[in-house]
$ cat model.txt   # compact mmCIF, C-alpha atoms
# COMPACT_ATOMS: atom_id res chain seq x y z
CA MET A 260 81.94 -28.52 70.21
CA SER A 261 79.50 -29.71 67.55
CA PHE A 262 81.75 -32.49 66.28
CA SER A 263 85.33 -33.64 66.43
CA LEU A 264 87.06 -36.25 64.30
CA ALA A 265 90.62 -37.33 65.05
CA ALA A 266 92.68 -39.45 62.62
CA VAL A 267 89.54 -41.09 61.25
CA GLY A 268 90.00 -43.81 58.66
CA LEU A 269 87.49 -46.04 56.91
CA VAL A 270 87.82 -48.93 54.47
CA HIS A 271 84.73 -50.20 52.66
CA PRO A 272 83.98 -53.97 52.66
CA ASN A 273 85.26 -54.18 49.06
CA GLY A 274 88.68 -53.02 50.26
CA GLN A 275 88.43 -49.47 48.95
CA ARG A 276 89.81 -46.89 51.37
CA ALA A 277 87.32 -44.04 51.63
CA LEU A 278 88.83 -41.97 54.44
CA GLN A 279 92.39 -41.71 55.66
CA GLY A 280 93.69 -39.72 58.63
CA VAL A 281 90.77 -37.28 58.64
CA THR A 282 90.95 -34.76 61.48
CA LEU A 283 88.22 -32.14 61.51
CA ALA A 284 86.24 -30.21 64.12
CA ALA A 285 83.58 -27.52 64.24
CA GLY A 286 81.89 -25.54 66.98
CA ALA A 287 78.19 -24.92 67.40
CA GLY A 288 76.81 -22.63 64.69
CA GLU A 289 79.76 -22.97 62.31
CA ARG A 290 79.16 -23.26 58.60
CA LEU A 291 81.51 -25.21 56.33
CA ALA A 292 81.40 -26.62 52.82
CA ILE A 293 83.21 -29.77 51.74
CA ILE A 294 84.38 -29.73 48.14
CA GLY A 295 86.47 -32.03 45.98
CA PRO A 296 86.34 -34.31 42.94
CA SER A 297 84.06 -37.31 42.63
CA GLY A 298 85.23 -40.16 44.85
CA ALA A 299 87.05 -37.85 47.26
CA GLY A 300 85.19 -39.26 50.28
CA LYS A 301 82.75 -36.38 50.86
CA THR A 302 79.63 -38.52 51.21
CA THR A 303 81.44 -41.02 53.42
CA LEU A 304 82.59 -38.20 55.68
CA LEU A 305 79.03 -36.91 56.01
CA ARG A 306 77.79 -40.40 56.87
CA VAL A 307 80.39 -40.58 59.66
CA LEU A 308 79.23 -37.18 60.91
CA GLY A 309 75.65 -38.43 60.82
CA ALA A 310 76.49 -41.48 62.98
CA ALA A 311 75.35 -43.65 60.08
CA LEU A 312 78.77 -45.17 59.41
CA ARG A 313 81.30 -46.35 61.97
CA PRO A 314 84.94 -45.75 61.01
CA GLY A 315 87.50 -48.42 61.58
CA GLU A 316 90.18 -45.98 62.76
CA GLY A 317 90.33 -42.84 64.88
CA THR A 318 87.87 -41.23 67.26
CA VAL A 319 84.52 -39.54 66.69
CA ARG A 320 82.58 -37.19 68.95
CA LEU A 321 79.23 -35.77 67.86
CA LEU A 322 77.31 -33.18 69.88
CA ASP A 323 79.54 -33.95 72.89
CA GLU A 324 78.85 -37.68 72.71
CA ALA A 325 80.89 -40.68 71.60
CA PRO A 326 78.35 -42.44 69.35
CA TRP A 327 80.08 -45.79 69.07
CA GLN A 328 80.56 -46.09 72.83
CA SER A 329 76.90 -45.28 73.50
CA SER A 330 73.99 -47.62 74.21
CA ALA A 331 71.48 -48.27 71.43
CA PRO A 332 68.84 -45.91 72.95
CA ALA A 333 71.45 -43.15 73.41
CA LEU A 334 72.58 -43.59 69.80
CA ARG A 335 68.97 -43.26 68.59
CA ARG A 336 68.55 -40.06 70.61
CA LEU A 337 71.79 -38.67 69.17
CA ARG A 338 70.72 -39.45 65.60
CA ALA A 339 67.44 -37.62 66.24
CA ARG A 340 69.50 -34.47 66.87
CA ILE A 341 71.32 -34.79 63.53
CA GLY A 342 69.53 -33.97 60.28
CA THR A 343 70.71 -34.98 56.81
CA VAL A 344 69.61 -33.66 53.44
CA HIS A 345 70.34 -36.43 50.93
CA GLN A 346 71.10 -35.91 47.26
CA SER A 347 68.32 -38.42 46.53
CA PRO A 348 65.93 -38.17 49.50
CA PRO A 349 64.97 -41.61 50.91
CA ILE A 350 61.23 -40.91 50.70
CA ALA A 351 58.67 -43.60 49.90
CA PRO A 352 57.07 -42.74 46.53
CA ARG A 353 53.46 -43.17 47.72
CA LEU A 354 53.97 -40.96 50.78
CA ARG A 355 52.24 -37.59 50.84
CA VAL A 356 54.47 -34.54 51.04
CA VAL A 357 53.06 -33.48 54.43
CA THR A 358 53.86 -36.89 55.91
CA ALA A 359 57.36 -36.85 54.44
CA VAL A 360 58.07 -33.45 56.02
CA LEU A 361 56.65 -34.39 59.43
CA ALA A 362 58.86 -37.51 59.41
CA GLY A 363 61.66 -35.13 60.36
CA ARG A 364 60.53 -35.31 63.99
CA LEU A 365 59.60 -38.97 64.25
CA GLY A 366 62.71 -39.59 66.34
CA GLN A 367 61.63 -36.89 68.78
CA TRP A 368 57.97 -37.91 69.17
CA SER A 369 56.41 -40.61 71.31
CA LEU A 370 55.57 -43.85 69.51
CA PRO A 371 51.77 -43.23 69.56
CA ARG A 372 52.19 -39.73 68.10
CA ALA A 373 54.62 -40.92 65.44
CA LEU A 374 52.37 -43.82 64.36
CA GLY A 375 49.30 -41.60 64.39
CA SER A 376 51.01 -39.05 62.16
CA LEU A 377 52.18 -41.73 59.72
CA LEU A 378 49.02 -43.82 59.57
CA LEU A 379 46.07 -41.67 60.62
CA ARG A 380 46.27 -37.89 60.52
CA PRO A 381 49.30 -35.59 60.09
CA ALA A 382 50.27 -34.39 63.57
CA ASP A 383 51.30 -30.82 62.67
CA LEU A 384 49.83 -29.40 59.47
CA PRO A 385 50.84 -25.77 60.24
CA GLY A 386 54.44 -26.83 60.91
CA ALA A 387 54.71 -28.76 57.65
CA HIS A 388 53.08 -25.90 55.74
CA GLU A 389 55.56 -23.39 57.19
CA ALA A 390 58.60 -25.51 56.28
CA LEU A 391 57.34 -26.05 52.73
CA SER A 392 56.50 -22.37 52.28
CA ARG A 393 60.15 -21.49 52.85
CA LEU A 394 60.91 -23.48 49.71
CA ALA A 395 57.89 -22.34 47.66
CA LEU A 396 56.25 -25.77 47.92
CA GLU A 397 53.29 -25.06 50.20
CA ASP A 398 50.87 -25.80 47.35
CA ARG A 399 52.20 -29.40 47.26
CA LEU A 400 51.27 -30.17 50.88
CA PHE A 401 48.97 -33.11 50.08
CA GLU A 402 50.64 -34.21 46.83
CA ARG A 403 52.01 -37.72 46.57
CA CYS A 404 55.80 -37.74 46.40
CA ASP A 405 55.90 -39.89 43.27
CA ARG A 406 54.17 -37.07 41.40
CA LEU A 407 56.94 -34.58 42.11
CA SER A 408 59.91 -33.73 39.92
CA GLY A 409 63.41 -34.55 41.11
CA GLY A 410 64.00 -30.94 42.10
CA GLN A 411 60.73 -30.73 44.03
CA LEU A 412 61.52 -33.96 45.86
CA GLN A 413 64.94 -32.59 46.79
CA ARG A 414 63.27 -29.51 48.25
CA VAL A 415 60.87 -31.72 50.23
CA GLY A 416 63.97 -33.36 51.72
CA ILE A 417 65.24 -29.93 52.74
CA ALA A 418 61.84 -29.02 54.22
CA ARG A 419 61.93 -32.19 56.33
CA VAL A 420 65.24 -31.15 57.88
CA LEU A 421 63.97 -27.60 58.44
CA TYR A 422 61.02 -29.06 60.33
CA GLN A 423 63.32 -31.36 62.31
CA ARG A 424 65.42 -28.42 63.62
CA PRO A 425 68.57 -30.50 64.26
CA ALA A 426 71.60 -29.32 66.19
CA LEU A 427 73.89 -30.67 63.45
CA LEU A 428 72.64 -30.17 59.89
CA LEU A 429 74.35 -32.17 57.15
CA ALA A 430 73.65 -31.71 53.45
CA ASP A 431 75.00 -34.06 50.78
CA GLU A 432 74.75 -32.33 47.39
CA PRO A 433 71.42 -30.82 48.54
CA VAL A 434 70.76 -28.74 45.41
CA SER A 435 72.12 -30.95 42.62
CA ALA A 436 68.68 -31.29 40.96
CA LEU A 437 67.82 -27.57 41.14
CA ASP A 438 68.34 -24.81 38.62
CA PRO A 439 70.80 -22.07 39.65
CA THR A 440 68.15 -19.71 41.02
CA LEU A 441 66.41 -22.36 43.12
CA ALA A 442 69.76 -23.78 44.25
CA ASP A 443 70.87 -20.41 45.52
CA ALA A 444 67.56 -19.84 47.31
CA ALA A 445 67.62 -23.30 48.90
CA LEU A 446 71.14 -22.82 50.25
CA GLN A 447 70.15 -19.43 51.61
CA THR A 448 67.28 -21.15 53.44
CA LEU A 449 69.63 -23.71 54.97
CA VAL A 450 72.05 -20.97 56.02
CA ARG A 451 69.24 -18.97 57.64
CA GLN A 452 68.08 -22.10 59.46
CA GLY A 453 71.53 -22.56 60.94
CA GLU A 454 71.71 -18.92 61.96
CA ALA A 455 68.23 -18.96 63.53
CA THR A 456 68.69 -22.20 65.51
CA GLY A 457 72.43 -22.17 66.19
CA ALA A 458 72.87 -25.41 64.27
CA THR A 459 76.17 -26.34 62.69
CA LEU A 460 75.82 -26.65 58.91
CA VAL A 461 78.09 -28.94 56.88
CA ALA A 462 77.39 -29.27 53.17
CA SER A 463 79.05 -31.30 50.44
CA LEU A 464 78.82 -29.33 47.21
CA HIS A 465 79.92 -30.05 43.66
CA ALA A 466 79.23 -26.43 42.63
CA VAL A 467 82.30 -24.64 43.96
CA GLU A 468 80.81 -21.19 43.29
CA LEU A 469 77.94 -21.95 45.69
CA ALA A 470 80.37 -23.14 48.35
CA LEU A 471 82.39 -19.94 48.05
CA ARG A 472 79.26 -17.78 48.13
CA TRP A 473 77.51 -19.25 51.16
CA PHE A 474 80.18 -20.80 53.40
CA PRO A 475 82.85 -18.96 55.39
CA ARG A 476 84.96 -22.11 55.76
CA ILE A 477 85.96 -24.42 52.92
CA VAL A 478 87.29 -27.95 53.34
CA GLY A 479 88.92 -29.50 50.27
CA MET A 480 89.00 -33.31 50.06
CA ARG A 481 90.84 -35.59 47.68
CA GLU A 482 91.40 -39.37 47.80
CA GLY A 483 89.90 -39.63 51.27
CA ARG A 484 92.13 -36.98 52.80
CA ILE A 485 91.65 -33.35 53.77
CA VAL A 486 93.85 -31.29 51.47
CA PHE A 487 93.00 -27.90 52.97
CA ASP A 488 90.70 -26.40 55.59
CA SER A 489 90.67 -22.64 55.08
CA PRO A 490 88.59 -19.48 55.49
CA VAL A 491 86.87 -18.74 52.20
CA GLY A 492 88.96 -15.60 51.67
CA GLU A 493 92.15 -17.68 51.67
CA VAL A 494 91.00 -20.23 49.08
CA SER A 495 92.90 -19.42 45.89
CA GLN A 496 92.36 -20.50 42.31
CA ALA A 497 95.64 -22.41 42.51
CA MET A 498 94.29 -24.43 45.45
CA LEU A 499 91.10 -25.23 43.56
CA SER A 500 92.99 -26.17 40.39
CA ALA A 501 95.20 -28.57 42.33
CA LEU A 502 92.19 -30.08 44.09
CA TYR A 503 90.38 -30.84 40.83
CA ALA A 504 93.47 -31.46 38.66
CA ASN A 505 92.72 -35.00 37.49
CA GLU A 506 89.01 -34.34 37.08
CA SER A 507 89.71 -31.35 34.85
CA ALA A 508 92.17 -33.34 32.75
CA ALA A 509 89.61 -36.13 32.32
CA ARG A 510 86.97 -33.65 31.12
CA GLU A 511 89.40 -32.15 28.60
CA SER A 512 90.33 -35.62 27.29
CA ALA A 513 86.66 -36.55 26.90
CA ALA A 514 86.03 -33.34 24.97
$ encode --input "model.txt" --output "structure tokens"
Amino acid sequence: MSFSLAAVGLVHPNGQRALQGVTLAAGAGERLAIIGPSGAGKTTLLRVLGAALRPGEGTVRLLDEAPWQSSAPALRRLRARIGTVHQSPPIAPRLRVVTAVLAGRLGQWSLPRALGSLLLRPADLPGAHEALSRLALEDRLFERCDRLSGGQLQRVGIARVLYQRPALLLADEPVSALDPTLADAALQTLVRQGEATGATLVASLHAVELALRWFPRIVGMREGRIVFDSPVGEVSQAMLSALYANESAARESAA
């Protein structure tokens, strides 16, 4: 089992309930998309799956481990096996692209190798070049990250996770800054990575058409709850309309 959540609930410090009674599981190599309106809890769910956020209710198992019952060193090792593509990659602006990509394996390297790669000389130029080439960014290898566009920076974040080769690959709106052609190509790259390595791929996507195209399993979320968890062939227009009902009405009112 790649992950298992049972009756997970989470309330933010401001009192807002982000997750309520979430039960969800996936086996190794599965591919599922999480969809739903803004504020549905998708990002919070991914942070729980990434062992970045501890829920206040329910049980969590990730890669056959209980993260919140583990020692600090064991938790660090677990997090090194989980890769996350962020909507806005947390990359220092002055960092070079090659260093940002190689940071994907810092949690797997010894301290001397990690520090040497960050401060002295990149530890694996061919590896970084290969990951970037899969996203048509190999010519940006030595570019500073603050000189990239938002879409290029988002692809660097994807390249970092490709280089990491995690067992559990999480993607939070990974293509929101890309045009439709690049978005489709980037998702295809993530899908192929999961197929090649056996990693489980979980992506939160605002673009429903991309979710339906690339993911065999669709999880609909609304108000912190899972509304449906269905094979893509069973997801109907009526289900989607109900999932986004209030959001659609708000858009029509604004128009």
$ closest_residue --input "model.txt" --among "A:Arg306, A:Arg406, A:Arg451, A:Arg476" --to "Pro352 of chain A" --atoms "all atoms listed in the file"
A:Arg406
$ residues_near_point --input "model.txt" --point "(91.8, -29.9, 42.2)" --cutoff "12 Å" --atoms "all atoms listed in the file" --output "list in words"
Ile294, Gly295, Pro296, Ser297, Ala299, His465, Val467, Gly479, Met480, Arg481, Glu482, Val486, Phe487, Val494, Ser495, Gln496, Ala497, Met498, Leu499, Ser500, Ala501, Leu502, Tyr503, Ala504, Asn505, Glu506, Ser507, Ala508 and Ala509 of chain A
$ residues_around --input "model.txt" --residues "Ala373 of chain A" --least-positions-apart "2" --cutoff "12 Å" --atoms "all atoms listed in the file" --output "list in words"
Thr358, Leu361, Ala362, Gly363, Arg364, Leu365, Gly366, Gln367, Trp368, Ser369, Leu370, Pro371, Gly375, Ser376, Leu377, Leu378, Leu379, Arg380, Pro381, Ala382 and Asp383 of chain A
$ atom_distance --input "model.txt" --atom1 "atom CA of Arg372 of chain A" --atom2 "atom CA of Val344 of chain A"
23.6 Å
$ residues_near_point --input "model.txt" --point "(69.1, -32.4, 46.5)" --cutoff "10 Å" --atoms "only C-alpha atoms" --output "list in words"
Val344, His345, Gln346, Ser347, Pro348, Gly409, Gly410, Gln411, Leu412, Gln413, Arg414, Val415, Gly416, Ile417, Ala430, Asp431, Glu432, Pro433, Val434, Ser435, Ala436, Leu437, Ala442 and Ala445 of chain A
$ atom_distance --input "model.txt" --atom1 "atom CA of Asp488 of chain A" --atom2 "atom CA of Ala292 of chain A"
9.7 Å
$ residues_around --input "model.txt" --residues "Gly342 of chain A" --least-positions-apart "4" --cutoff "7 Å" --atoms "all atoms listed in the file" --output "MDAnalysis selection string"
chainID A and resid 420 425 427:429
$ closest_residue --input "model.txt" --among "A:Leu384, A:Leu407, A:Val478, A:Leu264" --to "Thr282 of chain A" --atoms "all atoms listed in the file"
A:Leu264
$ atom_distance --input "model.txt" --atom1 "atom CA of Ser463 of chain A" --atom2 "atom CA of Ala331 of chain A"
28.0 Å
$ closest_residue --input "model.txt" --among "A:Glu454, A:Glu402, A:Glu397, A:Asp443" --to "Glu289 of chain A" --atoms "only C-alpha atoms"
A:Glu454
$ build_atoms --input "model.txt" --residues "segment 266-278 of chain A" --atoms "N, CA, C and O atoms" --output "PDB file, in the frame of the given file"
ATOM      1  N   ALA A 266      92.004 -38.368  63.343  1.00  0.00           N
ATOM      2  CA  ALA A 266      92.680 -39.450  62.620  1.00  0.00           C
ATOM      3  C   ALA A 266      91.711 -40.544  62.182  1.00  0.00           C
ATOM      4  O   ALA A 266      91.984 -41.734  62.296  1.00  0.00           O
ATOM      5  N   VAL A 267      90.573 -40.142  61.643  1.00  0.00           N
ATOM      6  CA  VAL A 267      89.540 -41.090  61.250  1.00  0.00           C
ATOM      7  C   VAL A 267      89.888 -41.752  59.916  1.00  0.00           C
ATOM      8  O   VAL A 267      90.253 -41.069  58.949  1.00  0.00           O
ATOM      9  N   GLY A 268      89.778 -43.055  59.882  1.00  0.00           N
ATOM     10  CA  GLY A 268      90.000 -43.810  58.660  1.00  0.00           C
ATOM     11  C   GLY A 268      88.878 -44.809  58.456  1.00  0.00           C
ATOM     12  O   GLY A 268      88.292 -45.305  59.427  1.00  0.00           O
ATOM     13  N   LEU A 269      88.564 -45.088  57.202  1.00  0.00           N
ATOM     14  CA  LEU A 269      87.490 -46.040  56.910  1.00  0.00           C
ATOM     15  C   LEU A 269      87.779 -46.759  55.613  1.00  0.00           C
ATOM     16  O   LEU A 269      88.130 -46.129  54.606  1.00  0.00           O
ATOM     17  N   VAL A 270      87.640 -48.088  55.654  1.00  0.00           N
ATOM     18  CA  VAL A 270      87.820 -48.930  54.470  1.00  0.00           C
ATOM     19  C   VAL A 270      86.501 -49.646  54.214  1.00  0.00           C
ATOM     20  O   VAL A 270      85.947 -50.287  55.110  1.00  0.00           O
ATOM     21  N   HIS A 271      85.975 -49.532  53.000  1.00  0.00           N
ATOM     22  CA  HIS A 271      84.730 -50.200  52.660  1.00  0.00           C
ATOM     23  C   HIS A 271      84.938 -51.715  52.591  1.00  0.00           C
ATOM     24  O   HIS A 271      86.069 -52.192  52.434  1.00  0.00           O
ATOM     25  N   PRO A 272      83.848 -52.496  52.708  1.00  0.00           N
ATOM     26  CA  PRO A 272      83.980 -53.970  52.660  1.00  0.00           C
ATOM     27  C   PRO A 272      84.666 -54.483  51.402  1.00  0.00           C
ATOM     28  O   PRO A 272      85.271 -55.556  51.425  1.00  0.00           O
ATOM     29  N   ASN A 273      84.594 -53.726  50.298  1.00  0.00           N
ATOM     30  CA  ASN A 273      85.260 -54.180  49.060  1.00  0.00           C
ATOM     31  C   ASN A 273      86.753 -53.876  49.043  1.00  0.00           C
ATOM     32  O   ASN A 273      87.433 -54.130  48.043  1.00  0.00           O
ATOM     33  N   GLY A 274      87.251 -53.315  50.156  1.00  0.00           N
ATOM     34  CA  GLY A 274      88.680 -53.020  50.260  1.00  0.00           C
ATOM     35  C   GLY A 274      89.063 -51.611  49.866  1.00  0.00           C
ATOM     36  O   GLY A 274      90.224 -51.209  50.039  1.00  0.00           O
ATOM     37  N   GLN A 275      88.125 -50.840  49.340  1.00  0.00           N
ATOM     38  CA  GLN A 275      88.430 -49.470  48.950  1.00  0.00           C
ATOM     39  C   GLN A 275      88.546 -48.572  50.177  1.00  0.00           C
ATOM     40  O   GLN A 275      87.667 -48.548  51.031  1.00  0.00           O
ATOM     41  N   ARG A 276      89.640 -47.834  50.259  1.00  0.00           N
ATOM     42  CA  ARG A 276      89.810 -46.890  51.370  1.00  0.00           C
ATOM     43  C   ARG A 276      89.095 -45.596  51.035  1.00  0.00           C
ATOM     44  O   ARG A 276      89.421 -44.923  50.060  1.00  0.00           O
ATOM     45  N   ALA A 277      88.127 -45.230  51.872  1.00  0.00           N
ATOM     46  CA  ALA A 277      87.320 -44.040  51.630  1.00  0.00           C
ATOM     47  C   ALA A 277      87.809 -42.832  52.410  1.00  0.00           C
ATOM     48  O   ALA A 277      87.708 -41.701  51.936  1.00  0.00           O
ATOM     49  N   LEU A 278      88.316 -43.055  53.612  1.00  0.00           N
ATOM     50  CA  LEU A 278      88.830 -41.970  54.440  1.00  0.00           C
ATOM     51  C   LEU A 278      90.171 -42.382  55.021  1.00  0.00           C
ATOM     52  O   LEU A 278      90.359 -43.547  55.397  1.00  0.00           O
TER      53      LEU A 278
END
